[in-house]
Every structure is written in structure tokens, then in C-alpha cells.
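See structure below.
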Amino acid sequence: MAPFFFLLLFFAIVSAATPPTAHNFAPFFIISQDGHVHRLVGEEIIPASLDPTTHVDSKDIIYSSEHNLSARIYFPNNTNRNQKLPLVVYFHGGAFIFENAFSLTYHTYMNTLVSQAKIIAVSVDYRRAPEDPVPAAHEDSWTALKWVASHANGRGPEDWLKTYADFQKVILSGDSAGGNIAHHMGIRQGQEKLEGINIDGICLLFPYFWGSAPIPGEPYVPEYWTTIIDEPWQIARPDTSGLDDPIINPVADPKLSSLGCNRLLVFVAQLDLLRGRGLYYVTKLKESGWKGDAKVSEIMGETHVFHLLNPSSLHAIRMLKTTVDFIHGKDYP
């Protein structure tokens, strides 16, 4: 009887010490009723270093002293140092709420991408909701892109960028919420045109787009939508106008045709809830009057950001090759 009593006492103490939950999105994050955010994944910080497996070197720089925000620059040590390399600016995912640019997941992915593509890359960290609601993430990302552009024509403080980056071959990329950000950076570049850089292409990996009304072929389960899509979006952007806010629904944006690149590749996964939105985005972009070339690569039998969860799988390896081919302007599906 005594062990059972102490077990009950233990659970009573734990329950009393745990604040009531307002939003439970385990295993990703939980928000207590007192407003505290418990991020359950992607909180670790992996130090920048020379990776012995991929021979990719990395270092961190501060791009915004105002908000003490950093980005991580990656450089492939086993490449010809006498040539300029395409530059990828990458934005991590996490529903604008969790994950960071320095987590094991993203550090591993960036090392692999840079090694395989022989590119230089800048992986951007940004402020997260709900402490800093959307569009803080987008504003930070634009600040980072401006910092990158400040190195064109041999200017700026960062030697790796000045020496090795080809600013006429800049690719914007990101997964999930980071794909959303990459799209909006393309829209802003199309309108404001940062001096000295050319956005050669944009590569979106399972982008986080949505809308208020279901689209053809999309499963519509109202309760599921509310839990999986509506509620996290309201947490990330409390003053949103809703699911047709152009930040979450780019096809509702009258500026869609101003996307500032000539090439676009969008990855979707067959089993991903966001699959239909990625396809719809490409269709509407083509109909908008945008003059570029947009393609979709669909991965069958896979779900959202599977390439980060199982990077050694055959589909993830093939997806990486398609990404590398796109970066270099080669034929791709």
C-alpha cells in the first residue's frame, strides 16, 4: 500500500507544480495559462564548427544588434577557393513558434546541403511568436537579407561573403514557416529590389500556407482545421485578419505577381496536410501574371518535412539532389 500512496503523492505534487495549460501542441510546444511557452523541440544550440564528416565550416555573426539576432554562415572547405559560389539564404521552420537556426536538425541539414551543392549559405535565426508575434519573423528576415546584400561589390564586414559569394546567384529557401518567409522575402525583393543582389531562384520546402475556404481536393474537417491550423496561426499572429491574411494565404495577396525571381521550385509531400496549398500556390502564381518558371516536385508516400526527420531515407536523398540541381540551374522535375 505504501508504494501506491507515494506514487499518488508524486503525481499530486507534479500536477500542483504544473501550470494549467492554455494551448497544448505537444510534442512541439505547450503554452501555460500564465503565458509561459514551453518549447519541446529544437531548443538545443549546436556550436558553429568545422564538421569532420562534410568538411563544411561554419561561424555565427550578429546581423541585428537591436534585437541581438544572429545567423550562421556555412562554407565548404573542400571546394575551389578561386571561384565564386552560389549563395543560399535559408529560413528555418517551426510554425513561427519553435525551432531555431542552430538546432541539431538545421545544423545537420545545412552542413549536408552546403557540402553536396558546393555553395555558401546563411541560415537565419529570427524572433519567435508568441513573445514576438508575426510579422516579427518576416521583418527580422528582411533585416538579415539586407545585411547579406550589404556585402555585394566587396563591401560589408564578413570576409566569407565578400570573398566567395556570387551575389548574382542568390537562392532563397526555407521549410514550412521558413518557406512562408522565403516567399515573402521574394515579394519584398520584387518591390524594393535590394541593391547588388539578384535572387536567381526561390526553393520552398513544404511551405506553410493556408486559407479560410477549402480548395479542390483538400480534405475538409472543420474541427481538425481549427486545432492544427487556425489555433497555431492565432497564437503566432493574434491581430491577424484571419486565414486570408496575405501572410498565411499568399494567393490573397494582390502583390503575388511581383515575386522577385525568375525560377521557383516548390516541394510538396503526398501525405502532408499542406500539400494542396503548395500546389494551389503554384497554380495561382502562374495565373497572376508573374513571368517566371514555377515547378512542383511531389514526394509520394511522405509527410511534412520528412527530409529533416529522416535525412538518410531514399526520398530525402533524391529530394536533396533535386534541390542541388535547382540551385545550379540544372534540369529538375
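Quick note on naming: the chains in the C-alpha cells go A, B, ... in the order shown, residues restart at 1 in each chain, and ligands are numbered from 1 in order of appearance.
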
Exercise. Excluding same-chain residues fewer than 6 positions from stretch 254-263 of chain A, what lies within 10 Å of it counting only C-alpha atoms, as a PyMOL selection string?
Worked result: chain A and resi 170-172+183-193+198-203+246+281+284-295+326-327+329

Strand (DSSP E) per DSSP on the backbone: members of stretch 51-232 of chain A, as a tab-separated table (two decimals) with N, CA and C atoms, in the first residue's frame:
chain	number	residue	atom	x	y	z
A	56	VAL	N	32.46	20.96	-43.93
A	56	VAL	CA	31.85	22.28	-44.03
A	56	VAL	C	32.17	23.05	-42.75
A	57	ASP	N	32.65	24.26	-42.92
A	57	ASP	CA	32.96	25.13	-41.79
A	57	ASP	C	31.78	26.07	-41.56
A	58	SER	N	31.62	26.52	-40.33
A	58	SER	CA	30.52	27.45	-40.03
A	58	SER	C	30.94	28.41	-38.93
A	59	LYS	N	30.30	29.56	-38.93
A	59	LYS	CA	30.51	30.54	-37.88
A	59	LYS	C	29.27	31.41	-37.75
A	60	ASP	N	29.10	31.99	-36.57
A	60	ASP	CA	27.93	32.81	-36.29
A	60	ASP	C	28.29	34.29	-36.34
A	61	ILE	N	27.34	35.07	-36.86
A	61	ILE	CA	27.51	36.52	-36.92
A	61	ILE	C	26.23	37.18	-36.40
A	62	ILE	N	26.36	38.38	-35.88
A	62	ILE	CA	25.19	39.15	-35.47
A	62	ILE	C	24.77	40.04	-36.63
A	63	TYR	N	23.51	39.89	-37.06
A	63	TYR	CA	23.03	40.74	-38.16
A	63	TYR	C	22.11	41.85	-37.67
A	64	SER	N	21.63	41.73	-36.42
A	64	SER	CA	20.79	42.77	-35.84
A	64	SER	C	21.20	43.00	-34.40
A	69	LEU	N	20.22	39.41	-32.78
A	69	LEU	CA	19.89	38.27	-33.63
A	69	LEU	C	21.10	37.86	-34.46
A	70	SER	N	21.26	36.56	-34.60
A	70	SER	CA	22.41	36.01	-35.31
A	70	SER	C	21.98	35.17	-36.51
A	71	ALA	N	22.91	34.96	-37.39
A	71	ALA	CA	22.78	34.00	-38.48
A	71	ALA	C	24.03	33.14	-38.49
A	72	ARG	N	23.92	31.98	-39.09
A	72	ARG	CA	25.08	31.09	-39.19
A	72	ARG	C	25.50	30.98	-40.66
A	73	ILE	N	26.77	31.22	-40.92
A	73	ILE	CA	27.30	31.15	-42.28
A	73	ILE	C	28.03	29.81	-42.44
A	74	TYR	N	27.78	29.16	-43.58
A	74	TYR	CA	28.39	27.87	-43.87
A	74	TYR	C	29.25	27.99	-45.13
A	75	PHE	N	30.42	27.36	-45.07
A	75	PHE	CA	31.35	27.39	-46.21
A	75	PHE	C	31.97	26.02	-46.41
A	76	PRO	N	31.96	25.49	-47.65
A	76	PRO	CA	32.55	24.17	-47.91
A	76	PRO	C	34.06	24.26	-48.06
A	85	LEU	N	30.81	31.21	-55.38
A	85	LEU	CA	29.83	30.15	-55.14
A	85	LEU	C	28.42	30.73	-55.05
A	86	PRO	N	27.42	29.98	-55.54
A	86	PRO	CA	26.03	30.41	-55.30
A	86	PRO	C	25.78	30.59	-53.81
A	87	LEU	N	24.90	31.51	-53.48
A	87	LEU	CA	24.62	31.84	-52.08
A	87	LEU	C	23.17	31.49	-51.76
A	88	VAL	N	22.96	30.62	-50.79
A	88	VAL	CA	21.62	30.27	-50.32
A	88	VAL	C	21.36	30.97	-48.99
A	89	VAL	N	20.26	31.69	-48.92
A	89	VAL	CA	19.80	32.28	-47.66
A	89	VAL	C	18.61	31.45	-47.19
A	90	TYR	N	18.76	30.82	-46.03
A	90	TYR	CA	17.80	29.81	-45.57
A	90	TYR	C	17.08	30.27	-44.31
A	91	PHE	N	15.76	29.96	-44.26
A	91	PHE	CA	14.92	30.32	-43.11
A	91	PHE	C	14.31	29.04	-42.54
A	120	ILE	N	27.86	28.56	-50.61
A	120	ILE	CA	27.96	29.23	-49.33
A	120	ILE	C	26.54	29.53	-48.89
A	121	ALA	N	26.26	29.43	-47.60
A	121	ALA	CA	24.89	29.58	-47.13
A	121	ALA	C	24.85	30.42	-45.86
A	122	VAL	N	23.72	31.12	-45.71
A	122	VAL	CA	23.43	31.90	-44.50
A	122	VAL	C	22.11	31.39	-43.94
A	123	SER	N	22.15	30.82	-42.75
A	123	SER	CA	20.95	30.29	-42.09
A	123	SER	C	20.51	31.30	-41.03
A	124	VAL	N	19.30	31.83	-41.19
A	124	VAL	CA	18.84	32.99	-40.43
A	124	VAL	C	18.04	32.57	-39.20
A	165	ALA	N	31.03	34.60	-52.15
A	165	ALA	CA	29.63	34.56	-52.56
A	165	ALA	C	29.42	35.23	-53.91
A	166	ASP	N	28.64	34.57	-54.76
A	166	ASP	CA	28.22	35.15	-56.03
A	166	ASP	C	26.85	35.79	-55.82
A	167	PHE	N	26.82	37.10	-55.72
A	167	PHE	CA	25.58	37.81	-55.39
A	167	PHE	C	24.63	37.92	-56.58
A	168	GLN	N	25.03	37.42	-57.72
A	168	GLN	CA	24.11	37.32	-58.85
A	168	GLN	C	23.44	35.94	-58.89
A	169	LYS	N	23.81	35.07	-57.98
A	169	LYS	CA	23.20	33.74	-57.90
A	169	LYS	C	22.76	33.46	-56.47
A	170	VAL	N	21.80	34.26	-56.00
A	170	VAL	CA	21.26	34.11	-54.65
A	170	VAL	C	19.97	33.29	-54.72
A	171	ILE	N	19.89	32.29	-53.87
A	171	ILE	CA	18.69	31.45	-53.76
A	171	ILE	C	18.09	31.66	-52.37
A	172	LEU	N	16.80	31.94	-52.31
A	172	LEU	CA	16.08	31.99	-51.04
A	172	LEU	C	15.40	30.64	-50.82
A	173	SER	N	15.49	30.13	-49.61
A	173	SER	CA	14.89	28.82	-49.34
A	173	SER	C	14.46	28.73	-47.89
A	174	GLY	N	13.56	27.78	-47.62
A	174	GLY	CA	13.10	27.54	-46.26
A	174	GLY	C	12.05	26.46	-46.26
A	175	ASP	N	11.86	25.84	-45.10
A	175	ASP	CA	10.85	24.80	-44.97
A	175	ASP	C	9.72	25.26	-44.06
A	199	ILE	N	18.13	37.72	-56.97
A	199	ILE	CA	17.51	36.50	-56.49
A	199	ILE	C	17.28	35.60	-57.70
A	200	ASP	N	18.19	34.65	-57.87
A	200	ASP	CA	18.15	33.77	-59.05
A	200	ASP	C	17.01	32.77	-58.95
A	201	GLY	N	16.64	32.38	-57.73
A	201	GLY	CA	15.55	31.42	-57.57
A	201	GLY	C	15.09	31.34	-56.13
A	202	ILE	N	13.91	30.74	-55.95
A	202	ILE	CA	13.35	30.51	-54.62
A	202	ILE	C	12.93	29.05	-54.55
A	203	CYS	N	13.34	28.37	-53.48
A	203	CYS	CA	13.05	26.95	-53.28
A	203	CYS	C	12.29	26.80	-51.97
A	204	LEU	N	11.01	26.42	-52.08
A	204	LEU	CA	10.14	26.30	-50.92
A	204	LEU	C	9.92	24.83	-50.60
A	205	LEU	N	10.20	24.45	-49.36
A	205	LEU	CA	10.06	23.07	-48.92
A	205	LEU	C	8.83	22.95	-48.02

How close does stretch 77-161 of chain A get to stretch 248-253 of chain A? List, as a tab-separated table, each residue of stretch 77-161 of chain A within 12 Å, its nearest atom pair and the distance in Å to one decimal, counting only C-alpha atoms.
residue	atom	partner	partner_atom	distance
A:Ala95	CA	A:Ile248	CA	10.8
A:Phe96	CA	A:Ile248	CA	11.3
A:Val134	CA	A:Ile248	CA	10.2
A:Pro135	CA	A:Ile248	CA	10.6
A:His138	CA	A:Ile248	CA	11.8

Mind dumping the selected residues with N, CA and C atoms as an mmCIF file, in the first residue's frame?
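And here's again17.cif as it stands now:
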data_model
loop_
_atom_site.group_PDB
_atom_site.id
_atom_site.type_symbol
_atom_site.label_atom_id
_atom_site.label_comp_id
_atom_site.auth_asym_id
_atom_site.auth_seq_id
_atom_site.Cartn_x
_atom_site.Cartn_y
_atom_site.Cartn_z
ATOM 1 N N ALA A 95 6.486 26.711 -37.405
ATOM 2 C CA ALA A 95 5.205 27.402 -37.191
ATOM 3 C C ALA A 95 5.380 28.813 -36.633
ATOM 4 N N PHE A 96 6.567 29.402 -36.819
ATOM 5 C CA PHE A 96 6.928 30.718 -36.284
ATOM 6 C C PHE A 96 7.061 30.704 -34.757
ATOM 7 N N VAL A 134 4.208 37.345 -35.300
ATOM 8 C CA VAL A 134 4.320 37.621 -36.727
ATOM 9 C C VAL A 134 3.667 38.980 -36.992
ATOM 10 N N PRO A 135 4.323 39.883 -37.743
ATOM 11 C CA PRO A 135 5.396 39.625 -38.708
ATOM 12 C C PRO A 135 6.811 39.899 -38.225
ATOM 13 N N HIS A 138 9.297 37.925 -40.150
ATOM 14 C CA HIS A 138 9.497 38.413 -41.512
ATOM 15 C C HIS A 138 10.347 39.687 -41.525
#

Exercise. What is the atom CA of A:Asn100 to atom CA of A:Gly154 distance in Å?
Worked result: 29.4 Å

For this session: Write out as a list in words which residues come within 10 Å of stretch 226-234 of chain A when counting only C-alpha atoms, dropping same-chain ones fewer than 4 positions away.
Result: His23, Asn24, Phe25, Ala95, Phe96, Ile97, Ala129, Pro130, Pro133, Val134, Tyr208, Phe209, Trp210, Gly211, Ser212, Val221, Pro222, Pro238, Asp239, Thr240, Ser241, Gly242, Leu243, Ile248, Leu273 and Leu274 of chain A

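If only C-alpha atoms are the atoms counted, then among A:Leu104, A:Val41, A:Ile119, A:Leu161 the closest residue to A:His328 is A:Ile119.
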
Exercise. Between A:Gln33, A:Leu113, A:Ala152, A:Arg128, which one has atoms that come closest to A:Ala316, using only C-alpha atoms?
Worked result: A:Leu113

Seminar exercise, completed: Separating atom CA of A:Glu43 from atom CA of A:Pro311, to the nearest tenth of an Å, is a gap of 19.6 Å

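The interatomic distance for the pair atom CA of A:Asn180 and atom CA of A:Pro207 works out to 5.5 Å.
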